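Below is target_30.pdb, holding PDB, C-alpha atoms, pLDDT in the B column.
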ATOM      1  CA  ILE U   1      39.314  55.733 116.843  1.00 50.00           C
ATOM      2  CA  ASP U   2      38.536  55.006 120.508  1.00 48.00           C
ATOM      3  CA  GLY U   3      41.158  52.279 120.608  1.00 50.00           C
ATOM      4  CA  LEU U   4      43.839  54.776 119.697  1.00 55.00           C
ATOM      5  CA  GLU U   5      42.656  57.193 122.335  1.00 54.00           C
ATOM      6  CA  GLY U   6      42.759  54.968 125.380  1.00 55.00           C
ATOM      7  CA  VAL U   7      45.760  53.983 127.414  1.00 55.00           C
ATOM      8  CA  LEU U   8      45.969  50.229 126.723  1.00 55.00           C
ATOM      9  CA  SER U   9      47.348  50.316 123.208  1.00 59.00           C
ATOM     10  CA  GLU U  10      51.013  51.057 122.616  1.00 62.00           C
ATOM     11  CA  LYS U  11      49.923  53.199 119.678  1.00 63.00           C
ATOM     12  CA  SER U  12      47.498  55.168 121.823  1.00 70.00           C
ATOM     13  CA  TYR U  13      47.566  58.958 121.810  1.00 78.00           C
ATOM     14  CA  HIS U  14      46.349  58.822 125.421  1.00 85.00           C
ATOM     15  CA  THR U  15      43.572  61.273 124.691  1.00 88.00           C
ATOM     16  CA  ASP U  16      40.112  61.182 126.185  1.00 87.00           C
ATOM     17  CA  PRO U  17      37.768  59.026 124.060  1.00 87.00           C
ATOM     18  CA  ASN U  18      34.831  60.892 125.580  1.00 90.00           C
ATOM     19  CA  ASN U  19      36.130  64.368 124.753  1.00 94.00           C
ATOM     20  CA  PRO U  20      36.808  65.441 121.169  1.00 94.00           C
ATOM     21  CA  ASP U  21      39.170  68.160 122.490  1.00 94.00           C
ATOM     22  CA  THR U  22      41.060  66.526 125.332  1.00 94.00           C
ATOM     23  CA  ASP U  23      43.124  69.563 126.273  1.00 93.00           C
ATOM     24  CA  GLY U  24      40.375  72.117 125.668  1.00 96.00           C
ATOM     25  CA  ASP U  25      42.531  74.315 123.466  1.00 94.00           C
ATOM     26  CA  GLY U  26      40.022  74.791 120.666  1.00 96.00           C
ATOM     27  CA  LEU U  27      41.522  72.168 118.356  1.00 96.00           C
ATOM     28  CA  GLY U  28      40.000  68.690 118.080  1.00 95.00           C
ATOM     29  CA  ASP U  29      42.276  65.826 119.015  1.00 94.00           C
ATOM     30  CA  LEU U  30      42.404  64.514 115.438  1.00 93.00           C
ATOM     31  CA  GLN U  31      43.161  67.995 114.157  1.00 94.00           C
ATOM     32  CA  GLU U  32      46.035  68.291 116.604  1.00 94.00           C
ATOM     33  CA  ILE U  33      47.423  64.935 115.574  1.00 93.00           C
ATOM     34  CA  LEU U  34      47.311  65.982 111.934  1.00 94.00           C
ATOM     35  CA  LEU U  35      48.896  69.358 112.756  1.00 94.00           C
ATOM     36  CA  GLY U  36      51.546  67.762 114.905  1.00 94.00           C
ATOM     37  CA  THR U  37      50.586  69.586 118.089  1.00 95.00           C
ATOM     38  CA  ASP U  38      50.138  67.877 121.419  1.00 95.00           C
ATOM     39  CA  PRO U  39      46.451  66.940 121.902  1.00 95.00           C
ATOM     40  CA  ARG U  40      47.059  66.689 125.654  1.00 94.00           C
ATOM     41  CA  ASN U  41      48.751  70.071 126.004  1.00 96.00           C
ATOM     42  CA  ALA U  42      46.655  73.158 125.368  1.00 96.00           C
ATOM     43  CA  ASP U  43      49.798  75.182 124.647  1.00 93.00           C
ATOM     44  CA  THR U  44      52.194  72.967 122.739  1.00 96.00           C
ATOM     45  CA  ASP U  45      54.939  75.598 122.362  1.00 95.00           C
ATOM     46  CA  PHE U  46      54.512  77.042 125.886  1.00 96.00           C
ATOM     47  CA  ASP U  47      54.121  80.608 124.628  1.00 95.00           C
ATOM     48  CA  LEU U  48      51.017  81.289 126.774  1.00 96.00           C
ATOM     49  CA  VAL U  49      48.752  81.273 123.708  1.00 96.00           C
ATOM     50  CA  LEU U  50      46.395  78.311 123.277  1.00 95.00           C
ATOM     51  CA  ASP U  51      47.029  76.132 120.243  1.00 94.00           C
ATOM     52  CA  GLY U  52      43.486  76.744 119.033  1.00 95.00           C
ATOM     53  CA  ASP U  53      43.894  80.512 119.285  1.00 95.00           C
ATOM     54  CA  GLU U  54      47.203  80.340 117.453  1.00 96.00           C
ATOM     55  CA  TYR U  55      45.714  78.308 114.624  1.00 96.00           C
ATOM     56  CA  HIS U  56      42.250  79.826 114.260  1.00 96.00           C
ATOM     57  CA  ARG U  57      42.550  83.355 115.613  1.00 97.00           C
ATOM     58  CA  PHE U  58      46.085  84.659 115.308  1.00 96.00           C
ATOM     59  CA  HIS U  59      47.418  82.367 112.545  1.00 97.00           C
ATOM     60  CA  THR U  60      50.680  81.948 114.413  1.00 97.00           C
ATOM     61  CA  ASN U  61      52.676  78.732 114.584  1.00 97.00           C
ATOM     62  CA  PRO U  62      51.509  76.590 117.525  1.00 97.00           C
ATOM     63  CA  HIS U  63      54.841  74.744 117.341  1.00 96.00           C
ATOM     64  CA  LEU U  64      56.951  77.867 117.851  1.00 96.00           C
ATOM     65  CA  ALA U  65      56.871  80.220 120.816  1.00 97.00           C
ATOM     66  CA  ASP U  66      58.247  82.931 118.497  1.00 97.00           C
ATOM     67  CA  SER U  67      56.523  82.434 115.163  1.00 97.00           C
ATOM     68  CA  ASP U  68      58.411  85.164 113.289  1.00 97.00           C
ATOM     69  CA  TYR U  69      61.840  84.605 114.917  1.00 97.00           C
ATOM     70  CA  ASP U  70      62.115  88.241 115.959  1.00 97.00           C
ATOM     71  CA  GLY U  71      63.152  87.610 119.551  1.00 97.00           C
ATOM     72  CA  LEU U  72      59.730  88.226 121.075  1.00 97.00           C
ATOM     73  CA  GLU U  73      57.371  85.382 121.917  1.00 97.00           C
ATOM     74  CA  ASP U  74      53.938  85.383 120.326  1.00 98.00           C
ATOM     75  CA  TYR U  75      52.240  86.177 123.642  1.00 97.00           C
ATOM     76  CA  GLU U  76      54.426  89.249 124.158  1.00 97.00           C
ATOM     77  CA  GLU U  77      53.682  90.541 120.705  1.00 97.00           C
ATOM     78  CA  LEU U  78      49.956  89.875 120.875  1.00 97.00           C
ATOM     79  CA  PHE U  79      49.130  91.065 124.359  1.00 97.00           C
ATOM     80  CA  PHE U  80      51.929  93.341 125.512  1.00 95.00           C
ATOM     81  CA  TRP U  81      53.676  95.089 122.630  1.00 96.00           C
ATOM     82  CA  HIS U  82      50.751  94.741 120.195  1.00 96.00           C
ATOM     83  CA  SER U  83      53.165  94.068 117.361  1.00 97.00           C
ATOM     84  CA  ASN U  84      52.631  91.549 114.587  1.00 98.00           C
ATOM     85  CA  PRO U  85      53.688  88.040 115.716  1.00 98.00           C
ATOM     86  CA  ASN U  86      53.976  86.957 112.091  1.00 98.00           C
ATOM     87  CA  LEU U  87      56.198  89.837 111.007  1.00 97.00           C
ATOM     88  CA  ARG U  88      59.769  90.341 112.209  1.00 98.00           C
ATOM     89  CA  ASP U  89      59.622  94.099 111.702  1.00 98.00           C
ATOM     90  CA  SER U  90      56.084  95.249 112.442  1.00 98.00           C
ATOM     91  CA  ASP U  91      56.656  98.954 111.722  1.00 97.00           C
ATOM     92  CA  ALA U  92      58.923  98.370 108.693  1.00 97.00           C
ATOM     93  CA  ASP U  93      61.714 100.572 110.056  1.00 97.00           C
ATOM     94  CA  ARG U  94      64.404  97.945 109.309  1.00 97.00           C
ATOM     95  CA  ILE U  95      64.872  97.055 112.992  1.00 98.00           C
ATOM     96  CA  CYS U  96      63.315  93.759 114.077  1.00 97.00           C
ATOM     97  CA  ASP U  97      60.743  93.939 116.850  1.00 98.00           C
ATOM     98  CA  GLY U  98      62.938  92.065 119.314  1.00 98.00           C
ATOM     99  CA  GLN U  99      65.804  94.519 118.923  1.00 97.00           C
ATOM    100  CA  GLU U 100      63.470  97.483 119.272  1.00 97.00           C
ATOM    101  CA  VAL U 101      62.074  96.157 122.550  1.00 97.00           C
ATOM    102  CA  LEU U 102      65.064  94.404 124.081  1.00 97.00           C
ATOM    103  CA  LYS U 103      68.018  96.462 122.845  1.00 97.00           C
ATOM    104  CA  TYR U 104      66.977  99.956 121.773  1.00 97.00           C
ATOM    105  CA  ASP U 105      63.755 100.455 123.797  1.00 97.00           C
ATOM    106  CA  THR U 106      62.071 101.974 120.755  1.00 98.00           C
ATOM    107  CA  ASP U 107      58.456 101.404 119.772  1.00 97.00           C
ATOM    108  CA  PRO U 108      58.110  98.325 117.528  1.00 98.00           C
ATOM    109  CA  MET U 109      54.825  99.727 116.209  1.00 97.00           C
ATOM    110  CA  ASP U 110      56.153 103.198 115.309  1.00 98.00           C
ATOM    111  CA  GLU U 111      58.915 103.574 112.750  1.00 98.00           C
ATOM    112  CA  ASP U 112      59.700 107.029 114.178  1.00 98.00           C
ATOM    113  CA  THR U 113      59.469 106.728 117.952  1.00 98.00           C
ATOM    114  CA  ASP U 114      60.130 110.411 118.705  1.00 98.00           C
ATOM    115  CA  ASP U 115      58.178 111.721 115.696  1.00 97.00           C
ATOM    116  CA  ASP U 116      61.009 113.940 114.493  1.00 97.00           C
ATOM    117  CA  GLY U 117      60.793 112.868 110.861  1.00 97.00           C
ATOM    118  CA  LEU U 118      63.702 110.390 110.966  1.00 98.00           C
ATOM    119  CA  THR U 119      63.070 106.667 111.283  1.00 98.00           C
ATOM    120  CA  ASP U 120      64.458 104.861 114.288  1.00 98.00           C
ATOM    121  CA  TYR U 121      66.836 103.004 111.970  1.00 98.00           C
ATOM    122  CA  ASP U 122      68.272 106.217 110.523  1.00 98.00           C
ATOM    123  CA  GLU U 123      68.696 107.734 113.967  1.00 98.00           C
ATOM    124  CA  ILE U 124      70.421 104.689 115.449  1.00 98.00           C
ATOM    125  CA  PHE U 125      72.567 103.497 112.550  1.00 97.00           C
ATOM    126  CA  LYS U 126      72.984 106.471 110.205  1.00 97.00           C
ATOM    127  CA  TYR U 127      72.993 109.718 112.182  1.00 98.00           C
ATOM    128  CA  ARG U 128      73.679 108.354 115.710  1.00 98.00           C
ATOM    129  CA  THR U 129      70.984 110.637 117.078  1.00 98.00           C
ATOM    130  CA  ASN U 130      68.639 109.883 119.951  1.00 98.00           C
ATOM    131  CA  PRO U 131      65.507 108.064 118.710  1.00 98.00           C
ATOM    132  CA  PHE U 132      63.639 109.287 121.821  1.00 97.00           C
ATOM    133  CA  ASN U 133      64.478 112.981 121.471  1.00 98.00           C
ATOM    134  CA  PRO U 134      63.298 114.921 118.411  1.00 98.00           C
ATOM    135  CA  ASP U 135      66.060 117.482 119.020  1.00 98.00           C
ATOM    136  CA  THR U 136      69.077 115.463 120.091  1.00 98.00           C
ATOM    137  CA  ASP U 137      71.443 118.403 120.573  1.00 98.00           C
ATOM    138  CA  SER U 138      68.799 120.746 122.043  1.00 97.00           C
ATOM    139  CA  ASP U 139      69.590 123.526 119.581  1.00 98.00           C
ATOM    140  CA  GLY U 140      66.003 124.336 118.659  1.00 97.00           C
ATOM    141  CA  LEU U 141      66.000 122.406 115.366  1.00 98.00           C
ATOM    142  CA  ARG U 142      64.491 118.962 115.019  1.00 98.00           C
ATOM    143  CA  ASP U 143      66.898 116.235 113.936  1.00 98.00           C
ATOM    144  CA  TYR U 144      65.063 115.821 110.632  1.00 98.00           C
ATOM    145  CA  GLU U 145      65.340 119.541 109.881  1.00 98.00           C
ATOM    146  CA  GLU U 146      69.052 119.503 110.588  1.00 98.00           C
ATOM    147  CA  VAL U 147      69.942 116.635 108.268  1.00 97.00           C
ATOM    148  CA  THR U 148      67.506 117.334 105.426  1.00 97.00           C
ATOM    149  CA  ILE U 149      66.833 121.093 105.361  1.00 97.00           C
ATOM    150  CA  TYR U 150      69.637 123.053 106.998  1.00 97.00           C
ATOM    151  CA  LEU U 151      72.413 120.451 106.561  1.00 97.00           C
ATOM    152  CA  THR U 152      73.629 121.044 110.091  1.00 98.00           C
ATOM    153  CA  ASP U 153      74.974 118.537 112.596  1.00 98.00           C
ATOM    154  CA  PRO U 154      72.141 117.069 114.723  1.00 98.00           C
ATOM    155  CA  LEU U 155      74.730 116.181 117.368  1.00 98.00           C
ATOM    156  CA  ASN U 156      76.229 119.685 117.647  1.00 98.00           C
ATOM    157  CA  TRP U 157      74.133 122.578 118.951  1.00 98.00           C
ATOM    158  CA  ASP U 158      76.424 125.083 117.153  1.00 98.00           C
ATOM    159  CA  THR U 159      77.388 123.435 113.888  1.00 98.00           C
ATOM    160  CA  ASP U 160      79.541 126.265 112.535  1.00 97.00           C
ATOM    161  CA  GLY U 161      81.150 127.007 115.910  1.00 96.00           C
ATOM    162  CA  ASP U 162      80.590 130.754 115.725  1.00 96.00           C
ATOM    163  CA  SER U 163      79.454 131.282 119.312  1.00 96.00           C
ATOM    164  CA  ILE U 164      81.601 133.497 121.555  1.00 94.00           C
ATOM    165  CA  LEU U 165      82.351 130.975 124.255  1.00 93.00           C
ATOM    166  CA  TYR U 166      84.425 132.883 126.773  1.00 90.00           C
ATOM    167  CA  PRO U 167      82.480 133.947 129.861  1.00 91.00           C
ATOM    168  CA  ASN U 168      81.090 137.414 130.423  1.00 86.00           C
ATOM    169  CA  GLU U 169      81.078 139.252 133.746  1.00 84.00           C
ATOM    170  CA  TYR U 170      78.257 136.976 134.928  1.00 87.00           C
ATOM    171  CA  GLY U 171      80.161 133.800 134.167  1.00 90.00           C
ATOM    172  CA  GLU U 172      77.872 133.015 131.238  1.00 91.00           C
ATOM    173  CA  MET U 173      78.776 132.385 127.626  1.00 93.00           C
ATOM    174  CA  THR U 174      79.288 135.782 126.011  1.00 93.00           C
ATOM    175  CA  TRP U 175      77.313 135.156 122.814  1.00 94.00           C
ATOM    176  CA  PRO U 176      75.788 131.703 122.282  1.00 95.00           C
ATOM    177  CA  MET U 177      74.479 131.072 118.780  1.00 96.00           C
ATOM    178  CA  SER U 178      72.743 127.743 118.477  1.00 97.00           C
ATOM    179  CA  ASP U 179      71.684 126.433 115.091  1.00 98.00           C
ATOM    180  CA  GLY U 180      68.093 127.192 116.042  1.00 97.00           C
ATOM    181  CA  ASP U 181      68.966 130.779 117.001  1.00 97.00           C
ATOM    182  CA  GLU U 182      70.693 131.307 113.674  1.00 97.00           C
ATOM    183  CA  VAL U 183      67.729 130.003 111.711  1.00 97.00           C
ATOM    184  CA  PHE U 184      64.817 131.526 113.619  1.00 97.00           C
ATOM    185  CA  LYS U 185      66.230 134.495 115.513  1.00 96.00           C
ATOM    186  CA  PHE U 186      69.112 135.931 113.529  1.00 96.00           C
ATOM    187  CA  LYS U 187      68.296 134.561 110.043  1.00 96.00           C
ATOM    188  CA  THR U 188      71.943 133.621 109.536  1.00 97.00           C
ATOM    189  CA  ASN U 189      73.337 130.427 108.040  1.00 97.00           C
ATOM    190  CA  PRO U 190      73.885 127.849 110.801  1.00 97.00           C
ATOM    191  CA  ALA U 191      76.341 125.955 108.631  1.00 97.00           C
ATOM    192  CA  ARG U 192      78.596 128.985 107.968  1.00 96.00           C
ATOM    193  CA  SER U 193      80.261 131.053 110.678  1.00 96.00           C
ATOM    194  CA  ASP U 194      80.367 134.101 108.393  1.00 96.00           C
ATOM    195  CA  THR U 195      77.051 134.118 106.558  1.00 96.00           C
ATOM    196  CA  ASP U 196      77.712 137.227 104.455  1.00 96.00           C
ATOM    197  CA  ASN U 197      81.389 136.410 103.865  1.00 95.00           C
ATOM    198  CA  ASP U 198      82.527 139.861 104.967  1.00 95.00           C
ATOM    199  CA  GLY U 199      85.407 138.729 107.152  1.00 94.00           C
ATOM    200  CA  LEU U 200      83.525 139.011 110.456  1.00 94.00           C
ATOM    201  CA  SER U 201      81.852 136.031 112.067  1.00 95.00           C
ATOM    202  CA  ASP U 202      78.105 136.236 112.558  1.00 96.00           C
ATOM    203  CA  SER U 203      78.510 136.327 116.332  1.00 95.00           C
ATOM    204  CA  ILE U 204      80.986 139.224 116.260  1.00 94.00           C
ATOM    205  CA  GLU U 205      78.700 141.281 114.015  1.00 94.00           C
ATOM    206  CA  LEU U 206      75.688 140.646 116.201  1.00 95.00           C
ATOM    207  CA  TYR U 207      77.571 141.142 119.457  1.00 93.00           C
ATOM    208  CA  LEU U 208      79.046 144.456 118.359  1.00 92.00           C
ATOM    209  CA  GLY U 209      75.567 145.767 117.617  1.00 89.00           C
ATOM    210  CA  SER U 210      73.830 144.231 120.633  1.00 89.00           C
ATOM    211  CA  GLY U 211      74.608 146.986 123.142  1.00 86.00           C
ATOM    212  CA  ARG U 212      75.926 144.420 125.624  1.00 86.00           C
ATOM    213  CA  ILE U 213      79.385 145.954 125.546  1.00 85.00           C
ATOM    214  CA  PRO U 214      79.564 148.845 128.045  1.00 78.00           C
ATOM    215  CA  ARG U 215      79.323 152.155 126.182  1.00 82.00           C
ATOM    216  CA  SER U 216      82.300 153.368 128.132  1.00 79.00           C
ATOM    217  CA  VAL U 217      84.264 150.738 126.279  1.00 82.00           C
ATOM    218  CA  LEU U 218      82.613 150.729 122.860  1.00 85.00           C
ATOM    219  CA  GLU U 219      79.536 152.279 121.339  1.00 88.00           C
ATOM    220  CA  PRO U 220      77.225 149.766 119.610  1.00 89.00           C
ATOM    221  CA  ILE U 221      78.065 149.148 115.958  1.00 90.00           C
ATOM    222  CA  PRO U 222      74.852 148.155 114.136  1.00 91.00           C
ATOM    223  CA  LEU U 223      76.221 145.569 111.736  1.00 92.00           C
ATOM    224  CA  ASN U 224      74.047 143.289 109.596  1.00 93.00           C
ATOM    225  CA  ALA U 225      75.283 139.694 109.718  1.00 92.00           C
ATOM    226  CA  THR U 226      73.549 138.927 106.428  1.00 93.00           C
ATOM    227  CA  ASN U 227      74.890 141.976 104.534  1.00 94.00           C
ATOM    228  CA  PRO U 228      78.611 142.135 103.772  1.00 92.00           C
ATOM    229  CA  ASP U 229      78.483 145.951 103.483  1.00 91.00           C
ATOM    230  CA  THR U 230      76.060 147.149 106.125  1.00 91.00           C
ATOM    231  CA  ASP U 231      76.577 150.881 105.522  1.00 90.00           C
ATOM    232  CA  GLY U 232      76.749 150.580 101.730  1.00 91.00           C
ATOM    233  CA  ASP U 233      80.061 152.385 101.417  1.00 91.00           C
ATOM    234  CA  GLY U 234      81.626 149.826  99.119  1.00 91.00           C
ATOM    235  CA  LEU U 235      83.829 148.345 101.813  1.00 89.00           C
ATOM    236  CA  LEU U 236      83.230 145.009 103.472  1.00 91.00           C
ATOM    237  CA  ASP U 237      82.274 145.209 107.121  1.00 81.00           C
TER     238      ASP U 237
END
Go ahead and express the file in the form of structure tokens.
Amino acid sequence: IDGLEGVLSEKSYHTDPNNPDTDGDGLGDLQEILLGTDPRNADTDFDLVLDGDEYHRFHTNPHLADSDYDGLEDYEELFFWHSNPNLRDSDADRICDGQEVLKYDTDPMDEDTDDDGLTDYDEIFKYRTNPFNPDTDSDGLRDYEEVTIYLTDPLNWDTDGDSILYPNEYGEMTWPMSDGDEVFKFKTNPARSDTDNDGLSDSIELYLGSGRIPRSVLEPIPLNATNPDTDGDGLLD
């Protein structure tokens, strides 16, 4: 009613009687009054999204800057992070969008930010691995492979500790054996230091047969780290 739109009446909404949408937000003045939004403010909740767009286009709450209470305002979700402003956890990884963006820096639209097979939630809260690095310990095995296939420690490059750590004549580790090396190079068990249970660690067997020891000191001994009796004489290596 025009009388309720002007400025003379105490009950006036102070809207423009000559403009059905005083604030130009895409919602008619009467519609705003019925919805409880401000017909003289195009963005009632100050979230940088017009009330009309919130109601008609995005179906967000024009009364709340953060419709889903996830810690990110609707504008941020719609136009910057491209997450769902009506869903606290857009990628269903059990971490709310606000925490992913503001605390962990993970992708709120990808449940597995580093694509290693483990969800961000599992990496952060269960395994304490790096959700940005598919191989947290840089051992040549992806975090997912370590915890689900090989049962190795994704935070320890040499789970069974069978590397020969003391330095050689070049100041380098004498015989490093990462979990990845054991699986792909030597075919030994990365979770057991003595794969064939013959009393010699995998690294000792491989080192003795490597030829790296000067022949003046010791001739190479071709031992098989996956065979407890390499020469088949009935005695363990």
- [ ] Carefully work through the PyMOL selection byres ((chain U and resi 181) around 12) for this structure and note down the residues it includes, as a PyMOL selection string.
- [x] chain U and resi 138-141+157-159+162-163+175-180+182-190+202-203+206
TODO: Name the residues that the PyMOL selection byres ((chain U and resi 36-43) around 12) pulls out of this structure, and write them as a VMD selection string.
DONE: chain U and resid 5 12 to 17 19 to 35 44 to 55 61 to 65 74 to 75
Task: Surrounding residues of Asn130 (chain U) excluding itself and chain neighbours under 3 positions, 12 Å, only C-alpha atoms, as a PyMOL selection string - done: chain U and resi 104-106+112-116+118-127+133-138+142-144+154-155
Quick one: write out the picked residues with C-alpha atoms as a CSV table (one decimal), keeping the file's coordinate frame?
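Result written to result.csv:
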chain,number,residue,atom,x,y,z
U,104,TYR,CA,67.0,100.0,121.8
U,105,ASP,CA,63.8,100.5,123.8
U,106,THR,CA,62.1,102.0,120.8
U,112,ASP,CA,59.7,107.0,114.2
U,113,THR,CA,59.5,106.7,118.0
U,114,ASP,CA,60.1,110.4,118.7
U,115,ASP,CA,58.2,111.7,115.7
U,116,ASP,CA,61.0,113.9,114.5
U,118,LEU,CA,63.7,110.4,111.0
U,119,THR,CA,63.1,106.7,111.3
U,120,ASP,CA,64.5,104.9,114.3
U,121,TYR,CA,66.8,103.0,112.0
U,122,ASP,CA,68.3,106.2,110.5
U,123,GLU,CA,68.7,107.7,114.0
U,124,ILE,CA,70.4,104.7,115.4
U,125,PHE,CA,72.6,103.5,112.6
U,126,LYS,CA,73.0,106.5,110.2
U,127,TYR,CA,73.0,109.7,112.2
U,133,ASN,CA,64.5,113.0,121.5
U,134,PRO,CA,63.3,114.9,118.4
U,135,ASP,CA,66.1,117.5,119.0
U,136,THR,CA,69.1,115.5,120.1
U,137,ASP,CA,71.4,118.4,120.6
U,138,SER,CA,68.8,120.7,122.0
U,142,ARG,CA,64.5,119.0,115.0
U,143,ASP,CA,66.9,116.2,113.9
U,144,TYR,CA,65.1,115.8,110.6
U,154,PRO,CA,72.1,117.1,114.7
U,155,LEU,CA,74.7,116.2,117.4
Open item on the list: Once the PyMOL selection byres ((chain U and resi 209) around 9) is applied to the coordinates I shared, what remains selected? I want it as a list in words.
Closed with: Ile204, Glu205, Leu206, Tyr207, Leu208, Ser210, Gly211, Arg212, Ile213, Glu219, Pro220, Ile221, Pro222, Leu223 and Asn224 of chain U
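A straight line drawn from CA of Asp160 (chain U) to CA of Thr129 (chain U) is 18.4 Å long.
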Go through region 117-203 of chain U residue by residue and, counting only C-alpha atoms, keep those with an atom at most 6 Å from region 225-233 of chain U; for each kept residue give the shortest atom pair and its distance in Å to one decimal, ordered by chain and increasing number, as a Markdown table.
| residue | atom | partner | partner_atom | distance |
| --- | --- | --- | --- | --- |
| U:Thr195 | CA | U:Thr226 | CA | 6.0 |
| U:Asp196 | CA | U:Thr226 | CA | 4.9 |
| U:Asp198 | CA | U:Pro228 | CA | 4.7 |
| U:Asp202 | CA | U:Ala225 | CA | 5.3 |
Selection from above, C-alpha atoms, as a short mmCIF file (atom, residue, chain, number, x, y, z; two decimals), in the coordinates of the input, can you write it?
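result-v8.cif written:
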data_model
loop_
_atom_site.label_atom_id
_atom_site.label_comp_id
_atom_site.auth_asym_id
_atom_site.auth_seq_id
_atom_site.Cartn_x
_atom_site.Cartn_y
_atom_site.Cartn_z
CA THR U 195 77.05 134.12 106.56
CA ASP U 196 77.71 137.23 104.46
CA ASP U 198 82.53 139.86 104.97
CA ASP U 202 78.10 136.24 112.56
#
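Across the structure, CA of Ala92 (chain U) and CA of Asp66 (chain U) are spaced 18.3 Å apart.
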Task: Atom pair CA of Arg128 (chain U) / CA of Arg88 (chain U): separation (Å) - done: 23.0 Å
Open item on the list: List as a ChimeraX atom specification the protein and nucleic acid residues near Val101 (chain U), meaning an atom at most 12 Å away when only C-alpha atoms are counted, but skip any in the same chain fewer than 4 places from it.
Closed with: /U:70-73,76-77,80-83,89-90,95-97,105-110,113
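If all atoms listed in the file are the atoms counted, then among U:Gly98, U:Asp237, U:Leu151, U:Pro214 the closest residue to Glu169 (chain U) is U:Pro214.
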